[in-house]
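Below is input21.txt, which holds compact mmCIF, C-alpha atoms (C1' of nucleotides).
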```
# COMPACT_ATOMS: atom_id res chain seq x y z
CA MET Q 1 141.94 130.42 76.84
CA ARG Q 2 139.06 128.69 78.50
CA LEU Q 3 140.38 129.12 81.99
CA ASP Q 4 140.57 132.85 81.63
CA ASN Q 5 137.07 133.07 80.30
CA MET Q 6 135.81 130.99 83.16
CA LEU Q 7 137.50 133.13 85.78
CA ILE Q 8 136.46 136.33 84.13
CA ALA Q 9 132.88 135.13 83.87
CA GLU Q 10 132.88 134.54 87.62
CA GLY Q 11 134.40 137.92 88.23
CA VAL Q 12 137.51 136.40 89.74
CA ALA Q 13 140.05 137.55 87.22
CA GLY Q 14 140.01 140.92 85.58
CA PRO Q 15 140.81 141.48 81.91
CA GLU Q 16 144.34 140.53 80.94
CA LYS Q 17 146.59 143.52 81.02
CA GLY Q 18 147.82 144.42 77.60
CA GLY Q 19 144.33 144.23 76.22
CA GLY Q 20 143.77 140.61 75.40
CA ALA Q 21 141.22 139.79 72.75
CA GLY Q 22 137.98 139.31 74.57
CA ALA Q 23 136.33 136.06 73.67
CA ALA Q 24 132.58 135.77 73.90
CA ALA Q 25 131.57 134.28 77.18
CA ASN Q 26 129.21 131.43 76.50
CA ALA Q 27 126.57 131.45 79.14
CA SER Q 28 126.45 127.97 80.54
CA ALA Q 29 123.59 128.92 82.78
CA ALA Q 30 121.64 125.74 82.38
CA ALA Q 31 118.39 126.66 84.01
CA SER Q 32 117.56 123.62 86.06
CA GLY Q 33 114.02 123.78 84.76
CA GLY Q 34 112.69 122.62 88.09
CA PRO Q 35 112.02 124.81 91.09
CA GLY Q 36 115.36 126.50 90.75
CA GLN Q 37 113.97 129.90 91.54
CA PRO Q 38 116.37 132.79 92.01
CA GLU Q 39 115.29 133.11 95.58
CA ASN Q 40 118.55 134.63 96.66
CA THR Q 41 119.33 137.98 98.27
CA ILE Q 42 120.83 136.45 101.39
CA GLU Q 43 122.17 133.30 99.79
CA HIS Q 44 123.52 135.27 96.90
CA SER Q 45 125.40 137.79 98.98
CA ASP Q 46 126.97 134.97 100.88
CA TYR Q 47 127.99 133.41 97.61
CA ARG Q 48 129.50 136.62 96.40
CA ALA Q 49 131.39 137.11 99.65
CA LYS Q 50 133.07 133.76 99.23
CA LEU Q 51 133.74 134.50 95.61
CA ALA Q 52 135.41 137.75 96.61
CA GLN Q 53 137.56 135.86 99.03
CA ILE Q 54 138.72 133.54 96.28
CA ARG Q 55 139.39 136.50 94.06
CA GLN Q 56 141.48 138.19 96.70
CA ILE Q 57 143.64 135.12 97.23
CA TYR Q 58 143.97 134.71 93.50
CA HIS Q 59 145.24 138.23 92.94
CA GLN Q 60 147.45 138.01 95.98
CA GLU Q 61 149.14 134.92 94.62
CA LEU Q 62 149.33 136.37 91.17
CA ASP Q 63 151.11 139.46 92.44
CA LYS Q 64 153.45 137.32 94.46
CA TYR Q 65 154.43 135.31 91.42
CA GLU Q 66 154.85 138.38 89.30
CA GLN Q 67 157.10 139.97 91.86
CA ALA Q 68 159.14 136.81 92.23
CA CYS Q 69 159.45 136.60 88.48
CA ASN Q 70 160.75 140.17 88.24
CA GLU Q 71 163.18 139.67 91.07
CA PHE Q 72 164.50 136.52 89.56
CA THR Q 73 164.85 138.14 86.18
CA THR Q 74 166.89 141.05 87.46
CA HIS Q 75 168.99 138.63 89.42
CA VAL Q 76 169.78 136.64 86.33
CA MET Q 77 170.47 139.82 84.42
CA ASN Q 78 173.00 140.84 86.99
CA LEU Q 79 174.71 137.49 86.74
CA LEU Q 80 174.89 137.80 82.99
CA ARG Q 81 176.31 141.28 83.28
CA GLU Q 82 179.06 139.97 85.49
CA GLN Q 83 179.81 137.19 83.07
CA SER Q 84 179.94 139.60 80.18
CA ARG Q 85 183.26 140.77 81.57
CA THR Q 86 184.82 137.38 81.03
CA ARG Q 87 183.04 136.28 77.90
CA PRO Q 88 180.97 137.92 75.20
CA ILE Q 89 177.24 137.73 75.71
CA THR Q 90 174.92 138.64 72.90
CA PRO Q 91 171.61 140.44 73.42
CA LYS Q 92 169.97 137.48 71.78
CA GLU Q 93 171.22 135.28 74.55
CA ILE Q 94 169.86 137.59 77.21
CA GLU Q 95 166.52 137.75 75.56
CA ARG Q 96 166.35 133.99 75.37
CA MET Q 97 167.15 133.71 79.04
CA VAL Q 98 164.39 136.12 79.97
CA GLN Q 99 161.92 134.25 77.83
CA ILE Q 100 162.75 130.98 79.50
CA ILE Q 101 162.18 132.51 82.91
CA HIS Q 102 158.88 134.01 81.89
CA ARG Q 103 157.68 130.77 80.44
CA LYS Q 104 158.47 128.98 83.66
CA PHE Q 105 156.58 131.49 85.77
CA ASN Q 106 153.76 131.52 83.31
CA SER Q 107 153.20 127.81 83.74
CA ILE Q 108 153.01 128.35 87.47
CA GLN Q 109 150.36 130.99 86.94
CA VAL Q 110 148.40 128.62 84.76
CA GLN Q 111 148.37 126.19 87.63
CA LEU Q 112 147.14 128.92 89.92
CA LYS Q 113 144.33 129.69 87.50
CA GLN Q 114 143.44 126.06 87.32
CA SER Q 115 143.16 125.62 91.06
CA THR Q 116 141.22 128.85 91.39
CA CYS Q 117 138.88 127.69 88.68
CA GLU Q 118 138.36 124.46 90.54
CA ALA Q 119 137.57 126.31 93.76
CA VAL Q 120 134.99 128.43 91.97
CA MET Q 121 133.37 125.37 90.45
CA ILE Q 122 133.06 123.70 93.83
CA LEU Q 123 131.63 126.84 95.36
CA ARG Q 124 129.14 127.12 92.53
CA SER Q 125 127.96 123.55 92.74
CA ARG Q 126 127.51 123.86 96.47
CA PHE Q 127 125.30 126.89 96.13
CA LEU Q 128 123.44 125.49 93.18
CA ASP Q 129 122.46 122.36 95.08
CA ALA Q 130 118.97 123.02 96.40
CA ARG Q 131 119.33 120.21 98.90
CA ARG Q 132 121.44 122.57 100.94
CA LYS Q 133 118.64 125.09 101.22
CA ARG Q 134 116.01 122.63 102.30
CA ARG Q 135 113.26 123.92 104.57
CA ASN Q 136 110.46 121.83 105.95
CA PHE Q 137 106.97 122.60 104.79
CA SER Q 138 104.56 124.28 107.12
CA LYS Q 139 102.45 122.18 109.42
CA GLN Q 140 99.28 122.97 107.50
CA ALA Q 141 100.92 122.15 104.20
CA THR Q 142 101.87 118.64 105.30
CA GLU Q 143 98.42 118.37 106.79
CA ILE Q 144 96.81 119.06 103.44
CA LEU Q 145 99.14 116.73 101.59
CA ASN Q 146 98.67 113.91 104.07
CA GLU Q 147 94.93 114.38 103.96
CA TYR Q 148 94.95 113.91 100.22
CA PHE Q 149 97.38 111.01 100.35
CA TYR Q 150 95.45 108.97 102.89
CA SER Q 151 92.07 109.68 101.37
CA HIS Q 152 93.39 108.44 98.03
CA LEU Q 153 95.44 105.61 99.45
CA SER Q 154 94.24 103.16 96.82
CA ASN Q 155 95.57 105.42 94.09
CA PRO Q 156 97.84 108.09 95.53
CA TYR Q 157 98.70 109.60 92.17
CA PRO Q 158 97.23 113.11 91.94
CA SER Q 159 96.54 114.38 88.45
CA GLU Q 160 98.23 117.46 87.15
CA GLU Q 161 95.23 119.54 88.14
CA ALA Q 162 95.09 118.02 91.58
CA LYS Q 163 98.77 118.75 92.00
CA GLU Q 164 98.21 122.35 91.02
CA ASP Q 165 95.38 122.64 93.46
CA LEU Q 166 97.45 121.12 96.24
CA ALA Q 167 100.37 123.34 95.36
CA ARG Q 168 98.20 126.41 95.57
CA ARG Q 169 96.68 125.44 98.89
CA CYS Q 170 100.07 124.56 100.39
CA SER Q 171 101.91 127.56 98.98
CA ILE Q 172 104.49 125.33 97.34
CA THR Q 173 105.30 124.49 93.74
CA VAL Q 174 103.89 121.65 91.68
CA SER Q 175 107.35 120.10 91.57
CA GLN Q 176 107.41 120.09 95.33
CA VAL Q 177 104.05 118.38 95.39
CA SER Q 178 105.38 115.74 93.01
CA ASN Q 179 108.46 115.30 95.16
CA TRP Q 180 106.36 114.99 98.24
CA PHE Q 181 104.13 112.31 96.76
CA GLY Q 182 107.10 110.48 95.32
CA ASN Q 183 108.75 110.39 98.71
CA LYS Q 184 105.52 109.63 100.48
CA ARG Q 185 104.58 106.68 98.34
CA ILE Q 186 107.91 104.95 98.66
CA ARG Q 187 108.27 105.69 102.32
CA TYR Q 188 104.76 104.60 103.07
CA LYS Q 189 105.36 101.34 101.31
CA LYS Q 190 108.66 100.90 103.12
CA ASN Q 191 107.06 100.41 106.48
CA ILE Q 192 103.35 100.12 106.30
CA ASN Q 193 103.16 99.33 109.98
CA LYS Q 194 104.13 102.71 111.22
CA ALA Q 195 102.41 104.54 108.44
CA GLN Q 196 99.25 102.67 109.25
CA GLU Q 197 98.89 104.69 112.43
CA GLU Q 198 99.08 107.82 110.39
CA ALA Q 199 96.56 106.39 107.98
CA ASN Q 200 94.15 105.72 110.82
CA LEU Q 201 94.75 109.15 112.16
CA TYR Q 202 93.76 110.81 108.93
CA ALA Q 203 90.88 108.42 108.38
CA ALA Q 204 89.52 109.37 111.78
CA LYS Q 205 90.08 113.02 111.07
CA LYS Q 206 88.10 112.74 107.89
CA ALA Q 207 85.27 110.96 109.61
CA GLY Q 208 85.19 113.46 112.42
C1' DT N 1 126.01 115.65 119.38
C1' DT N 2 123.39 111.87 117.59
C1' DC N 3 119.75 110.33 114.71
C1' DA N 4 115.27 109.80 112.54
C1' DA N 5 112.42 112.61 109.52
C1' DT N 6 112.24 115.05 105.40
C1' DG N 7 112.75 117.67 101.03
C1' DA N 8 115.51 117.40 96.84
C1' DT N 9 118.44 115.21 93.39
C1' DT N 10 120.20 111.43 90.52
C1' DC N 11 119.64 107.40 87.89
C1' DA N 12 117.23 103.56 85.81
C1' DT N 13 112.78 102.01 83.65
C1' DG N 14 109.07 101.76 80.75
C1' DC E 1 108.01 112.60 80.80
C1' DA E 2 106.31 110.28 85.25
C1' DT E 3 107.68 107.01 88.64
C1' DG E 4 110.50 104.08 91.88
C1' DA E 5 114.66 103.53 94.22
C1' DA E 6 118.76 105.02 96.25
C1' DT E 7 121.15 108.68 98.08
C1' DC E 8 122.32 113.35 99.61
C1' DA E 9 122.06 117.28 102.84
C1' DT E 10 119.49 119.68 106.29
C1' DT E 11 116.24 120.00 110.07
C1' DG E 12 114.49 119.26 114.59
C1' DA E 13 113.97 116.56 118.57
C1' DA E 14 115.99 113.47 122.07
```

Encoded form (structure tokens):
Amino acid sequence: MRLDNMLIAEGVAGPEKGGGAGAAANASAAASGGPGQPENTIEHSDYRAKLAQIRQIYHQELDKYEQACNEFTTHVMNLLREQSRTRPITPKEIERMVQIIHRKFNSIQVQLKQSTCEAVMILRSRFLDARRKRRNFSKQATEILNEYFYSHLSNPYPSEEAKEDLARRCSITVSQVSNWFGNKRIRYKKNINKAQEEANLYAAKKAG
DNA sequence: TTCAATGATTCATG
DNA sequence: CATGAATCATTGAA
């Protein structure tokens, strides 16, 4: 079942009791290619804490259902035993009854797995989104980038080498340099008036 | 707490 | 694939 694999892969659900056949977990770890560096440690432990919380709730609910299922089963068995005094009841009939009950509770558990799976997916996407870990660049870094931008205002498109150089000097990645220039260009164009002050500022700085 | 600035992502284009 | 545009999510100052 896909749901089980998913939950197991996230460490939410343990192996099925009774020794289910273990299916190969296909790693869907699509490396984002970009600056998705595994710069965790703190972030990651936070992630795992929340994952553990989900796991705890999951097992809690699972136990609850299992217990309820057992209770209900014995209850029904007792009823059947009473009835057996007034009419014949075959073992087949009892077995069928038990199966029906188990199927019902099983479908409830599937729902539980589904909602747990959903919660894990949401948690994952939230932690995978780098926009949530945004930090502003250092003052000097923006200084360097602005200096380049305004001294190449007629053609603010740094070559790959220039990007690498800027990245090195700013202690950021080339992707971040590209992002910065992408944002800068469009935001400069958006209101030239205000940006003009900045342009003058950097022009003066260069002259001085 | 509000809000502009800002870094990152998504989507369309060529 | 690089870019522009729109949008998202966080930061930092008012």

With distances taken over all atoms listed in the file, which residue among Q:Phe181, Q:Tyr65, Q:Tyr58, Q:Phe137 lies nearest Lys113 (chain Q)?
Q:Tyr58

Within 8 Å of (119.0, 118.7, 106.2) (coordinates as in the file), grab all the protein and nucleic acid residues, counting all atoms listed in the file, and write them out as a list of chain:residue names.
Q:Arg131, Q:Arg132, Q:Arg134, Q:Arg135, N:DT6, E:DA9, E:DT10, E:DT11

Length of the CA of Leu166 (chain Q) to CA of Thr142 (chain Q) vector [Å]:
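Taking CA of Leu166 (chain Q) and CA of Thr142 (chain Q), their separation equals 10.4 Å.
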
Using all atoms listed in the file, I'd like a table of the residues in chain N that come within 12 Å of chain Q; for each, show the closest atom pair and its distance in Å rounded to one decimal, ordered by chain and ascending number, as CSV.
```
residue,atom,partner,partner_atom,distance
N:DA5,C1',Q:Asn136,CA,10.1
N:DT6,C1',Q:Asn136,CA,7.0
N:DG7,C1',Q:Arg134,CA,6.1
N:DA8,C1',Q:Arg131,CA,5.2
N:DT9,C1',Q:Arg131,CA,7.5
```

Nearest candidate to chain E (options Q:Ile186, Q:Ile192, Q:Val174, Q:Leu201; using all atoms listed in the file):
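Closest to chain E of all the choices is Q:Ile186.
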
Using all atoms listed in the file for the distances, tell me which of Q:Cys170, Q:Ser107, Q:Glu160, Q:Glu82 is nearest to chain E.
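Of Q:Cys170, Q:Ser107, Q:Glu160, Q:Glu82, the one nearest chain E, counting all atoms listed in the file, is Q:Glu160.
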
Just the number, please: distance in Å from CA of Arg124 (chain Q) to C1' of DT10 (chain N), one decimal.
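Atom-to-atom, CA of Arg124 (chain Q) and C1' of DT10 (chain N) are spaced 18.2 Å apart.
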
Enter the distance from CA of Gln111 (chain Q) to CA of Ala49 (chain Q), in Å, rounded to one decimal.
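CA of Gln111 (chain Q) sits 23.5 Å away from CA of Ala49 (chain Q).
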
Near-DA2 (chain E) list (12 Å; all atoms listed in the file; drop same-chain fewer than 4 positions) as a PDB file with C-alpha atoms (C1' of nucleotides), in the frame of the given file:
```
ATOM      1  CA  TYR Q 157      98.700 109.600  92.170  1.00  0.00           C
ATOM      2  CA  PRO Q 158      97.230 113.110  91.940  1.00  0.00           C
ATOM      3  CA  SER Q 159      96.540 114.380  88.450  1.00  0.00           C
ATOM      4  CA  GLU Q 160      98.230 117.460  87.150  1.00  0.00           C
ATOM      5  CA  SER Q 175     107.350 120.100  91.570  1.00  0.00           C
ATOM      6  CA  SER Q 178     105.380 115.740  93.010  1.00  0.00           C
ATOM      7  CA  ASN Q 179     108.460 115.300  95.160  1.00  0.00           C
ATOM      8  CA  PHE Q 181     104.130 112.310  96.760  1.00  0.00           C
ATOM      9  CA  GLY Q 182     107.100 110.480  95.320  1.00  0.00           C
TER      10      GLY Q 182
ATOM     11  C1'  DT N  13     112.780 102.010  83.650  1.00  0.00           C
ATOM     12  C1'  DG N  14     109.070 101.760  80.750  1.00  0.00           C
TER      13       DG N  14
END
```

(119.2, 109.2, 91.0) in this file's frame - what residues fall within 9 Å of it? Use all atoms listed in the file and give the answer as an MDAnalysis selection string.
(chainID N and resid 9:12) or (chainID E and resid 5:7)

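Distance annotation: of Q:Arg48, Q:Arg126, Q:Ala199, Q:Thr116, the residue with the minimal separation from chain E is Q:Arg126; atom set is only C-alpha atoms (C1' of nucleotides).
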